[in-house]
$ cat upload_10.cif   # mmCIF, C-alpha atoms and all ligand atoms
data_query
loop_
_atom_site.label_atom_id
_atom_site.label_comp_id
_atom_site.auth_asym_id
_atom_site.auth_seq_id
_atom_site.Cartn_x
_atom_site.Cartn_y
_atom_site.Cartn_z
CA MET A 1 147.75 108.79 102.41
CA SER A 2 146.61 112.10 103.85
CA THR A 3 146.55 114.64 101.08
CA ALA A 4 146.13 118.17 102.36
CA ASP A 5 144.63 120.20 99.56
CA SER A 6 145.60 123.71 98.62
CA THR A 7 142.34 125.29 99.75
CA GLY A 8 142.28 124.48 103.42
CA GLY A 9 143.81 121.12 104.21
CA THR A 10 141.00 118.55 104.28
CA ASP A 11 142.03 114.93 104.05
CA GLU A 12 140.79 113.46 100.80
CA THR A 13 141.61 109.81 101.27
CA GLY A 14 143.27 109.27 104.65
CA ASN A 15 142.05 107.81 107.93
CA ALA A 16 140.54 111.04 109.23
CA HIS A 17 138.57 111.58 106.04
CA LEU A 18 137.10 108.08 106.00
CA VAL A 19 136.17 108.27 109.70
CA ARG A 20 134.40 111.60 109.16
CA ARG A 21 132.39 110.15 106.29
CA TRP A 22 131.60 107.06 108.37
CA GLN A 23 130.33 109.23 111.22
CA GLY A 24 128.03 111.12 108.86
CA ALA A 25 126.59 108.10 107.09
CA LEU A 26 126.53 104.93 109.17
CA MET A 27 124.73 103.95 112.36
CA ASP A 28 127.28 103.51 115.13
CA ASN A 29 126.32 100.07 116.38
CA TYR A 30 129.47 99.29 118.34
CA GLY A 31 130.18 102.69 119.81
CA THR A 32 133.94 102.40 119.64
CA PRO A 33 136.37 104.55 117.71
CA ARG A 34 137.71 102.51 114.82
CA ILE A 35 140.43 102.60 112.26
CA PRO A 36 139.58 102.61 108.59
CA ILE A 37 140.93 99.52 106.86
CA VAL A 38 141.35 99.66 103.12
CA ARG A 39 143.03 96.41 102.11
CA GLY A 40 144.64 93.24 103.35
CA GLU A 41 146.69 90.21 102.49
CA GLY A 42 146.73 87.09 104.63
CA ALA A 43 146.87 88.22 108.26
CA ARG A 44 148.03 91.72 107.40
CA LEU A 45 145.78 94.76 106.98
CA TRP A 46 146.48 98.33 105.96
CA ASP A 47 144.64 101.49 107.01
CA ALA A 48 143.81 104.49 104.88
CA ASP A 49 147.02 106.21 105.95
CA GLY A 50 149.04 103.24 104.67
CA ARG A 51 149.86 101.84 108.13
CA GLU A 52 150.22 98.05 108.42
CA TYR A 53 148.65 95.90 111.16
CA LEU A 54 148.86 92.23 112.04
CA ASP A 55 145.28 91.03 112.32
CA PHE A 56 144.35 88.97 115.40
CA VAL A 57 140.65 89.88 115.09
CA GLY A 58 140.06 88.21 111.74
CA GLY A 59 136.86 90.17 111.06
CA ILE A 60 135.57 88.69 114.37
CA ALA A 61 136.62 85.11 113.60
CA VAL A 62 135.32 85.38 110.03
CA ASN A 63 138.44 85.64 107.87
CA SER A 64 139.37 82.00 108.25
CA LEU A 65 141.81 82.18 105.33
CA GLY A 66 142.83 85.77 105.98
CA THR A 67 142.19 88.50 103.46
CA ALA A 68 142.40 87.98 99.69
CA HIS A 69 143.29 84.28 99.84
CA PRO A 70 143.96 83.17 96.24
CA ALA A 71 141.68 80.12 96.49
CA VAL A 72 138.75 82.26 97.63
CA VAL A 73 139.44 84.98 95.08
CA ARG A 74 139.53 82.36 92.32
CA ALA A 75 136.40 80.50 93.45
CA VAL A 76 134.37 83.67 93.93
CA SER A 77 135.51 85.20 90.64
CA GLU A 78 134.70 82.06 88.66
CA GLN A 79 131.32 81.63 90.35
CA ILE A 80 130.13 85.23 89.94
CA ALA A 81 131.13 85.01 86.28
CA THR A 82 129.08 81.83 85.88
CA LEU A 83 126.02 82.09 88.12
CA GLY A 84 125.83 84.78 90.79
CA HIS A 85 122.35 84.14 92.14
CA VAL A 86 119.35 82.07 91.15
CA SER A 87 117.23 81.87 94.37
CA ASN A 88 115.86 78.79 96.03
CA LEU A 89 113.11 78.49 93.47
CA PHE A 90 115.83 76.64 91.56
CA VAL A 91 118.62 74.21 92.34
CA ALA A 92 122.26 75.20 91.91
CA GLU A 93 125.39 73.12 92.23
CA PRO A 94 127.36 75.09 94.87
CA PRO A 95 124.80 74.87 97.74
CA VAL A 96 124.21 71.19 97.00
CA ALA A 97 127.94 70.47 96.99
CA LEU A 98 128.47 72.52 100.16
CA ALA A 99 125.65 70.79 102.04
CA GLU A 100 127.05 67.40 101.03
CA ARG A 101 130.52 68.44 102.18
CA LEU A 102 129.28 69.72 105.55
CA LEU A 103 127.27 66.57 106.22
CA GLY A 104 130.31 64.54 105.22
CA LEU A 105 132.43 66.40 107.77
CA PHE A 106 129.92 65.47 110.47
CA GLY A 107 129.76 61.93 109.13
CA ARG A 108 126.00 61.75 109.75
CA PRO A 109 122.98 62.02 107.50
CA GLY A 110 121.02 65.21 107.89
CA ARG A 111 119.88 68.33 106.07
CA VAL A 112 121.32 71.80 105.76
CA TYR A 113 119.52 75.15 105.64
CA PHE A 114 121.60 77.99 104.24
CA CYS A 115 121.18 81.63 105.23
CA ASN A 116 123.39 84.67 105.48
CA SER A 117 124.61 85.13 109.04
CA GLY A 118 124.99 83.55 112.44
CA ALA A 119 121.82 85.09 113.81
CA GLU A 120 119.82 83.72 110.90
CA ALA A 121 121.30 80.27 111.43
CA VAL A 122 120.14 80.48 115.06
CA GLU A 123 116.69 81.74 114.01
CA ALA A 124 116.26 78.63 111.89
CA ALA A 125 117.31 76.46 114.85
CA PHE A 126 114.77 78.35 117.00
CA LYS A 127 112.02 77.60 114.47
CA ILE A 128 113.06 73.95 114.33
CA GLY A 129 112.67 73.96 118.11
CA ARG A 130 109.18 75.47 117.88
CA ARG A 131 108.18 72.75 115.44
CA THR A 132 108.68 70.14 118.16
CA GLY A 133 105.39 71.43 119.58
CA ARG A 134 107.15 72.57 122.75
CA THR A 135 107.89 76.22 123.50
CA HIS A 136 110.26 76.24 126.49
CA MET A 137 113.93 76.68 125.67
CA VAL A 138 117.09 76.64 127.76
CA ALA A 139 120.14 78.75 127.02
CA THR A 140 123.08 80.01 129.05
CA ALA A 141 123.88 83.17 130.97
CA GLY A 142 126.51 85.10 129.05
CA GLY A 143 125.83 83.13 125.87
CA PHE A 144 125.65 84.99 122.58
CA HIS A 145 123.53 83.81 119.67
CA GLY A 146 122.85 86.94 117.61
CA ARG A 147 120.75 90.10 117.55
CA THR A 148 117.57 89.16 115.69
CA MET A 149 114.63 88.73 118.04
CA GLY A 150 114.62 84.93 118.30
CA ALA A 151 118.40 84.72 118.58
CA LEU A 152 118.34 87.58 121.09
CA ALA A 153 115.79 85.69 123.19
CA LEU A 154 118.39 82.91 123.48
CA THR A 155 121.27 85.33 124.09
CA GLY A 156 122.07 85.53 127.80
CA GLN A 157 123.45 89.07 127.99
CA PRO A 158 121.07 91.54 129.66
CA ALA A 159 122.65 94.66 128.15
CA LYS A 160 121.84 93.37 124.67
CA ARG A 161 118.38 92.03 125.58
CA ASP A 162 116.95 94.68 127.86
CA PRO A 163 116.38 97.45 125.29
CA PHE A 164 114.16 95.04 123.32
CA LEU A 165 111.97 93.35 125.88
CA PRO A 166 109.63 91.55 125.60
CA LEU A 167 111.42 88.89 123.60
CA PRO A 168 109.53 86.15 121.83
CA ALA A 169 110.18 83.06 123.86
CA ASP A 170 109.93 81.21 127.07
CA VAL A 171 113.65 80.88 127.74
CA THR A 172 115.42 79.85 130.94
CA HIS A 173 119.04 80.99 131.15
CA VAL A 174 121.22 78.78 133.31
CA PRO A 175 124.82 79.37 134.42
CA TYR A 176 127.23 78.25 131.69
CA GLY A 177 129.29 75.14 132.38
CA ASP A 178 127.06 73.92 135.22
CA ALA A 179 125.62 70.52 134.26
CA ASP A 180 123.47 70.33 137.42
CA ALA A 181 121.83 73.67 136.64
CA LEU A 182 121.11 72.41 133.15
CA ARG A 183 119.63 69.19 134.49
CA GLY A 184 117.41 71.22 136.81
CA ALA A 185 116.07 73.43 134.00
CA VAL A 186 115.38 70.89 131.25
CA THR A 187 112.06 69.04 131.33
CA GLU A 188 109.93 67.07 128.92
CA GLU A 189 108.39 70.42 127.97
CA THR A 190 111.73 71.80 126.78
CA ALA A 191 112.02 72.15 123.00
CA LEU A 192 115.73 72.81 122.84
CA VAL A 193 118.88 73.55 124.73
CA VAL A 194 121.29 75.86 122.96
CA LEU A 195 124.95 76.12 123.94
CA GLU A 196 128.21 77.41 122.56
CA PRO A 197 130.99 74.79 122.96
CA ILE A 198 133.12 77.75 124.08
CA GLN A 199 131.42 81.06 124.84
CA GLY A 200 133.09 83.39 122.35
CA GLU A 201 131.62 86.86 122.83
CA ASN A 202 131.47 86.39 126.58
CA GLY A 203 135.26 86.27 126.81
CA VAL A 204 136.29 82.86 125.45
CA VAL A 205 134.82 80.93 128.38
CA VAL A 206 135.67 77.21 128.27
CA PRO A 207 133.25 74.90 130.11
CA PRO A 208 134.46 72.08 132.35
CA GLU A 209 135.41 68.79 130.68
CA GLY A 210 132.32 66.67 130.07
CA TYR A 211 129.83 69.56 129.97
CA LEU A 212 128.74 69.02 126.37
CA ALA A 213 128.46 65.28 126.95
CA ALA A 214 126.29 65.96 130.00
CA ALA A 215 124.12 68.29 127.91
CA ARG A 216 123.74 65.53 125.34
CA GLU A 217 122.71 63.02 127.98
CA ILE A 218 120.25 65.44 129.68
CA THR A 219 118.56 66.44 126.40
CA ALA A 220 118.37 62.86 125.13
CA ALA A 221 116.57 61.84 128.33
CA THR A 222 113.80 64.44 127.84
CA GLY A 223 113.49 64.27 124.05
CA THR A 224 114.87 67.82 123.87
CA LEU A 225 116.91 69.01 120.90
CA LEU A 226 120.54 69.85 121.61
CA VAL A 227 121.56 72.82 119.48
CA LEU A 228 125.25 73.64 119.44
CA ASP A 229 125.99 77.15 118.27
CA GLU A 230 129.30 76.74 116.46
CA VAL A 231 129.06 80.06 114.64
CA GLN A 232 132.33 81.07 116.30
CA THR A 233 133.93 77.71 117.16
CA GLY A 234 133.17 75.85 113.92
CA ILE A 235 135.13 75.43 110.67
CA GLY A 236 138.53 74.75 112.16
CA ARG A 237 138.68 77.56 114.68
CA THR A 238 139.55 75.27 117.59
CA GLY A 239 141.76 72.93 115.54
CA HIS A 240 138.86 70.57 114.81
CA TRP A 241 136.32 70.92 112.05
CA PHE A 242 133.73 71.47 114.79
CA ALA A 243 134.41 71.93 118.49
CA CYS A 244 131.81 69.28 119.42
CA GLN A 245 133.91 66.66 117.63
CA ALA A 246 136.73 67.16 120.12
CA GLN A 247 134.22 66.12 122.82
CA GLY A 248 132.71 63.24 120.83
CA VAL A 249 129.25 64.83 121.14
CA GLU A 250 126.62 64.51 118.42
CA PRO A 251 124.11 67.37 118.62
CA ASP A 252 120.72 67.47 116.87
CA VAL A 253 121.38 70.86 115.29
CA VAL A 254 124.58 72.83 114.65
CA THR A 255 124.65 76.48 113.63
CA LEU A 256 127.53 77.79 111.53
CA ALA A 257 128.50 81.12 109.94
CA LYS A 258 131.57 83.37 110.42
CA GLY A 259 134.58 81.39 109.12
CA LEU A 260 132.53 79.28 106.73
CA GLY A 261 132.52 81.90 103.97
CA ALA A 262 135.97 83.46 104.51
CA GLY A 263 134.37 86.91 104.49
CA LEU A 264 131.38 86.26 102.26
CA PRO A 265 128.06 86.28 104.11
CA ILE A 266 126.82 82.77 104.75
CA GLY A 267 125.20 80.91 107.63
CA ALA A 268 124.16 77.29 107.87
CA THR A 269 121.83 75.34 110.13
CA VAL A 270 122.76 71.68 110.00
CA ALA A 271 120.09 69.37 111.39
CA PHE A 272 120.30 65.64 112.01
CA GLY A 273 117.77 62.89 112.62
CA LYS A 274 114.22 63.99 113.41
CA ALA A 275 115.37 67.62 113.74
CA ALA A 276 116.12 67.55 110.01
CA GLU A 277 112.46 66.81 109.22
CA LEU A 278 110.73 69.44 111.38
CA LEU A 279 110.67 72.35 108.92
CA ALA A 280 108.27 71.53 106.10
CA PRO A 281 108.03 73.43 102.80
CA GLY A 282 106.59 76.89 103.47
CA HIS A 283 107.79 77.04 107.07
CA HIS A 284 111.00 78.93 106.51
CA GLY A 285 113.16 80.34 103.75
CA SER A 286 115.55 83.01 102.53
CA THR A 287 116.04 84.75 99.20
CA PHE A 288 119.80 84.85 99.44
CA GLY A 289 120.41 81.65 101.43
CA GLY A 290 122.58 79.21 99.49
CA ASN A 291 123.80 81.97 97.22
CA PRO A 292 126.21 80.28 94.79
CA VAL A 293 129.00 82.82 95.30
CA SER A 294 128.99 82.48 99.09
CA CYS A 295 128.81 78.71 98.73
CA ALA A 296 131.72 78.71 96.28
CA ALA A 297 133.77 80.68 98.81
CA ALA A 298 132.83 78.19 101.52
CA LEU A 299 133.82 75.24 99.33
CA ALA A 300 137.20 76.92 98.77
CA VAL A 301 137.54 77.30 102.55
CA LEU A 302 136.79 73.62 103.17
CA ASP A 303 139.14 72.52 100.35
CA THR A 304 141.95 74.68 101.68
CA ILE A 305 141.52 73.59 105.29
CA ALA A 306 141.47 69.93 104.24
CA GLY A 307 144.15 70.17 101.56
CA GLU A 308 146.71 72.27 103.40
CA GLY A 309 146.72 70.72 106.85
CA VAL A 310 145.09 73.79 108.38
CA LEU A 311 143.58 71.96 111.38
CA ASP A 312 147.03 70.79 112.53
CA HIS A 313 148.41 74.25 111.86
CA VAL A 314 145.69 75.81 114.04
CA LYS A 315 146.48 73.43 116.91
CA ARG A 316 150.22 74.02 116.60
CA VAL A 317 150.13 77.82 116.31
CA GLY A 318 147.32 78.11 118.87
CA ASP A 319 149.22 76.04 121.45
CA ARG A 320 152.42 77.95 120.78
CA LEU A 321 150.67 81.30 121.15
CA ARG A 322 148.87 80.29 124.34
CA GLU A 323 151.98 78.90 125.99
CA ALA A 324 154.14 81.83 124.93
CA ILE A 325 151.66 84.39 126.34
CA ARG A 326 151.39 82.41 129.57
CA GLY A 327 155.18 82.19 129.67
CA LEU A 328 155.50 85.97 129.63
CA GLY A 329 154.41 85.91 133.26
CA HIS A 330 153.18 89.48 132.92
CA PRO A 331 151.42 90.81 136.03
CA LEU A 332 148.43 92.02 133.95
CA VAL A 333 147.82 88.50 132.57
CA ASP A 334 145.86 86.24 134.88
CA ARG A 335 145.57 83.31 132.44
CA VAL A 336 145.05 82.40 128.81
CA ARG A 337 142.10 80.20 127.89
CA GLY A 338 140.50 78.82 124.76
CA ALA A 339 141.34 76.27 122.11
CA GLY A 340 143.18 76.42 118.81
CA LEU A 341 143.08 79.96 117.49
CA LEU A 342 140.22 81.14 119.68
CA LEU A 343 142.07 82.47 122.71
CA GLY A 344 141.16 84.81 125.55
CA ILE A 345 143.87 86.63 127.47
CA VAL A 346 142.23 87.08 130.86
CA LEU A 347 143.55 90.21 132.54
CA THR A 348 143.90 90.85 136.24
CA GLU A 349 142.18 94.23 135.74
CA PRO A 350 139.29 95.36 133.51
CA VAL A 351 141.60 97.13 131.07
CA ALA A 352 140.98 95.15 127.87
CA PRO A 353 139.90 98.25 125.90
CA GLN A 354 143.16 99.96 126.84
CA VAL A 355 145.14 96.86 125.81
CA GLN A 356 143.27 96.83 122.51
CA LYS A 357 144.25 100.47 121.94
CA ALA A 358 147.88 99.98 122.96
CA ALA A 359 148.11 96.93 120.68
CA GLN A 360 146.67 98.93 117.82
CA ASP A 361 149.25 101.67 118.41
CA ALA A 362 151.91 98.94 118.21
CA GLY A 363 150.49 97.60 114.92
CA PHE A 364 148.41 94.66 116.21
CA LEU A 365 144.63 94.30 116.02
CA VAL A 366 143.09 92.45 118.98
CA ASN A 367 139.58 92.58 120.42
CA ALA A 368 138.46 93.58 123.90
CA CYS A 369 135.30 91.48 123.87
CA VAL A 370 134.58 91.97 127.59
CA PRO A 371 136.29 94.42 129.96
CA ASP A 372 138.83 91.93 131.33
CA VAL A 373 139.42 89.67 128.32
CA VAL A 374 141.32 90.31 125.12
CA ARG A 375 140.18 87.90 122.44
CA LEU A 376 142.50 86.58 119.73
CA ALA A 377 140.82 85.04 116.67
CA PRO A 378 143.31 85.53 113.85
CA PRO A 379 143.00 83.97 110.41
CA LEU A 380 143.52 80.21 110.70
CA ILE A 381 146.48 80.55 108.34
CA VAL A 382 148.30 83.09 110.54
CA GLY A 383 152.03 82.33 110.43
CA GLU A 384 154.08 81.17 113.41
CA ASP A 385 156.30 84.16 112.79
CA GLU A 386 153.26 86.44 112.96
CA ALA A 387 152.10 84.86 116.23
CA ASP A 388 155.64 85.23 117.58
CA ALA A 389 155.63 88.90 116.59
CA LEU A 390 152.57 89.47 118.77
CA VAL A 391 154.19 87.63 121.67
CA ARG A 392 157.33 89.77 121.36
CA ALA A 393 155.26 92.96 121.31
CA LEU A 394 152.90 92.03 124.15
CA PRO A 395 155.12 92.92 127.12
CA GLY A 396 155.54 96.46 125.77
CA ILE A 397 151.81 96.73 125.04
CA LEU A 398 150.86 95.48 128.51
CA ASP A 399 153.52 97.63 130.21
CA ALA A 400 152.13 100.69 128.45
CA VAL A 401 148.67 99.94 129.87
CA ASP A 402 150.04 98.98 133.30
CA GLY A 403 152.06 102.20 133.42
CA THR A 404 149.04 104.34 132.58
CA ARG A 405 146.95 102.44 135.10
CA ARG A 406 149.54 102.98 137.87
CA ALA A 407 149.89 106.65 136.97
CA GLY A 408 146.10 106.94 137.33
CA ASP A 409 145.92 105.12 140.69
N1 LIG A 501 126.35 82.86 117.54
C1 LIG A 501 127.61 83.02 118.00
C2 LIG A 501 128.22 81.98 118.86
C3 LIG A 501 128.33 84.17 117.65
O1 LIG A 501 129.57 84.34 118.12
C4 LIG A 501 127.73 85.12 116.81
C5 LIG A 501 128.45 86.38 116.38
N2 LIG A 501 129.41 86.86 117.21
C6 LIG A 501 126.42 84.91 116.37
C7 LIG A 501 125.76 83.75 116.75
C8 LIG A 501 125.71 85.88 115.49
O2 LIG A 501 126.32 85.93 114.24
P1 LIG A 501 126.03 87.14 113.23
O3 LIG A 501 126.69 88.34 113.79
O4 LIG A 501 126.64 86.67 111.93
O5 LIG A 501 124.57 87.28 113.14
#
$ encode --input "upload_10.cif" --output "structure tokens" --more "lines below"
Ligand code: PMP
Amino acid sequence: MSTADSTGGTDETGNAHLVRRWQGALMDNYGTPRIPIVRGEGARLWDADGREYLDFVGGIAVNSLGTAHPAVVRAVSEQIATLGHVSNLFVAEPPVALAERLLGLFGRPGRVYFCNSGAEAVEAAFKIGRRTGRTHMVATAGGFHGRTMGALALTGQPAKRDPFLPLPADVTHVPYGDADALRGAVTEETALVVLEPIQGENGVVVPPEGYLAAAREITAATGTLLVLDEVQTGIGRTGHWFACQAQGVEPDVVTLAKGLGAGLPIGATVAFGKAAELLAPGHHGSTFGGNPVSCAAALAVLDTIAGEGVLDHVKRVGDRLREAIRGLGHPLVDRVRGAGLLLGIVLTEPVAPQVQKAAQDAGFLVNACVPDVVRLAPPLIVGEDEADALVRALPGILDAVDGTRRAGD
């Protein structure tokens, strides 16, 4: 609540106060005005003025079980009270159990490297690639793989790369979804190809049917590693444990993060076959990677997804949401793309930031990830009623933006 004091009316605890403190203390990496969030429950969040929002951002596809899920709270509390951190100089049960569970979900033998974020998971994949003895890599235009220097070298977004050139790799970026372009770029000198099964940050771009299978065939023919970056699409987001499983494709390396830890920092690089043997002791490591508390949270996520039918729920609610938004037939909506609960509302005009703002004013958090796409990545446990509430509100939200746009024409 805003609490004007008797001496001159400064907010002590409200939105304005928190934003002022934020501006004075934190680097502004995203450059957008933001609302201060103080607590949440499931898919609902509250700001510092006590206003409630339905959350279709999910901490950027991180809060797989929403906020304050009892299973995560319990697992994290018990683990921090037992063993919070021990480092990789020792062995602890939670990372071992989590690695076994992840490999079990892939149904293939392999090895897991734990770290703390998506970018770090990609860095490890990059290093695995370098250990093939080849240096050339192929990634996709528009692809996003993180902001550390190796991951940035693979990222295909000039605005994010250009301020940091030169980047440390010999990377060819090919158009996403074009199997012929991929075939043309990959040679026997290529260490790895890295792809997102759906490009998340680039506006939820879905490749043509058969693209991942073509990538598998092309890389197998040249002895090149196929790295699938499932940082955004993995852990149930598309209604499958991993998006590659929907395509029946078996990559050499998969990177995971975001939804794996339900809000606790964790990344994982899962390597199969010869890729699992390329990093020898001393080649790579992380102090915090495999932290027992993050791993306990991740185990709670996997248990809950498996035990509560979350994959089916994601498919059902995702399909319902996609069809309902399409069915609105609103002139600002060109189409809706994506899978499960990773959806992009493609607009007919580049007004996604305005839609994001109008949605926020109406009590819904959505993300304008590129100028003409509004991304929805709510908690996987978002209710049908909550999805329906967004659908009911959308015409008003879009009309508000359309009206402003017309007035400005
Ligand atoms: N890969 C993909 C596909 C991502 O979507 C992201 C984050 N948006 C990353 C890597 C980087 O993850 P992080 O921000 O945790 O470093």
$ closest_atom_pairs --input "upload_10.cif" --of "stretch 319-365 of chain A" --to "stretch 375-384 of chain A" --cutoff "8 Å" --atoms "all atoms listed in the file" --output "tab-separated table"
residue	atom	partner	partner_atom	distance
A:Leu341	CA	A:Ala377	CA	5.6
A:Leu342	CA	A:Ala377	CA	5.0
A:Leu343	CA	A:Leu376	CA	5.1
A:Gly344	CA	A:Arg375	CA	4.5
A:Ile345	CA	A:Arg375	CA	6.4
$ residues_around --input "upload_10.cif" --residues "A:Glu123" --least-positions-apart "6" --cutoff "9 Å" --atoms "all atoms listed in the file" --output "MDAnalysis selection string"
chainID A and resid 146 148:151
$ residues_near_point --input "upload_10.cif" --point "(130.0, 81.4, 121.4)" --cutoff "10 Å" --atoms "all atoms listed in the file" --output "list in words"
Gly142, Gly143, Phe144, His145, Gly146, Thr155, Leu195, Glu196, Pro197, Ile198, Gln199, Gly200, Glu201, Asn202, Gly203, Val204, Val205, Val206, Leu228, Asp229, Glu230, Val231, Gln232, Thr233 and Gly234 of chain A
$ closest_residue --input "upload_10.cif" --among "A:Ala407, A:Ala16, A:Met137, A:Leu256" --to "ligand LIG 501 (chain A)" --atoms "only C-alpha atoms and all ligand atoms"
A:Leu256
$ residues_around --input "upload_10.cif" --residues "A:Asn15" --least-positions-apart "5" --cutoff "6 Å" --atoms "only C-alpha atoms" --output "list of chain:residue names"
A:Pro36, A:Ala48, A:Asp49
$ residues_around --input "upload_10.cif" --residues "stretch 265-280 of chain A" --least-positions-apart "6" --cutoff "8 Å" --atoms "all atoms listed in the file" --output "PyMOL selection string"
chain A and resi 103+108-118+120-122+124-125+127-128+131-132+225+251-258+289-290+294-295
$ closest_residue --input "upload_10.cif" --among "A:Val310, A:Val227, A:Val351, A:Ala81" --to "ligand LIG 501 (chain A)" --atoms "all atoms listed in the file"
A:Val227
$ axis_aligned_box --input "upload_10.cif" --around "ligand LIG 501 (chain A)" --padding-each-side "8 Å" --output "JSON"
{"center_x": 127.1, "center_y": 85.2, "center_z": 115.4, "size_x": 21.0, "size_y": 22.4, "size_z": 22.9}
$ residues_around --input "upload_10.cif" --residues "A:Phe90" --least-positions-apart "2" --cutoff "12 Å" --atoms "all atoms listed in the file" --output "list in words"
His85, Val86, Ser87, Asn88, Ala92, Glu93, Pro95, Val96, Thr287, Gly289, Gly290, Asn291 and Pro292 of chain A
$ atom_distance --input "upload_10.cif" --atom1 "atom CA of A:Thr219" --atom2 "atom CA of A:Val138"
10.4 Å
$ atom_distance --input "upload_10.cif" --atom1 "atom CA of A:Val333" --atom2 "atom CA of A:Val314"
22.6 Å
$ residues_around --input "upload_10.cif" --residues "A:Pro208" --least-positions-apart "3" --cutoff "9 Å" --atoms "all atoms listed in the file" --output "mmCIF file with C-alpha atoms, keeping the file's coordinate frame"
data_model
loop_
_atom_site.group_PDB
_atom_site.id
_atom_site.type_symbol
_atom_site.label_atom_id
_atom_site.label_comp_id
_atom_site.auth_asym_id
_atom_site.auth_seq_id
_atom_site.Cartn_x
_atom_site.Cartn_y
_atom_site.Cartn_z
ATOM 1 C CA GLY A 177 129.290 75.140 132.380
ATOM 2 C CA ASP A 178 127.060 73.920 135.220
ATOM 3 C CA TYR A 211 129.830 69.560 129.970
ATOM 4 C CA LEU A 212 128.740 69.020 126.370
#
$ closest_residue --input "upload_10.cif" --among "A:Leu152, A:Met27, A:Ile235, A:Leu311" --to "A:Ser64" --atoms "only C-alpha atoms"
A:Ile235
$ closest_residue --input "upload_10.cif" --among "A:Leu260, A:Leu26, A:Lys315, A:Leu167" --to "ligand LIG 501 (chain A)" --atoms "all atoms listed in the file"
A:Leu260
$ atom_distance --input "upload_10.cif" --atom1 "atom CA of A:Gly263" --atom2 "atom CA of A:Asn63"
5.4 Å
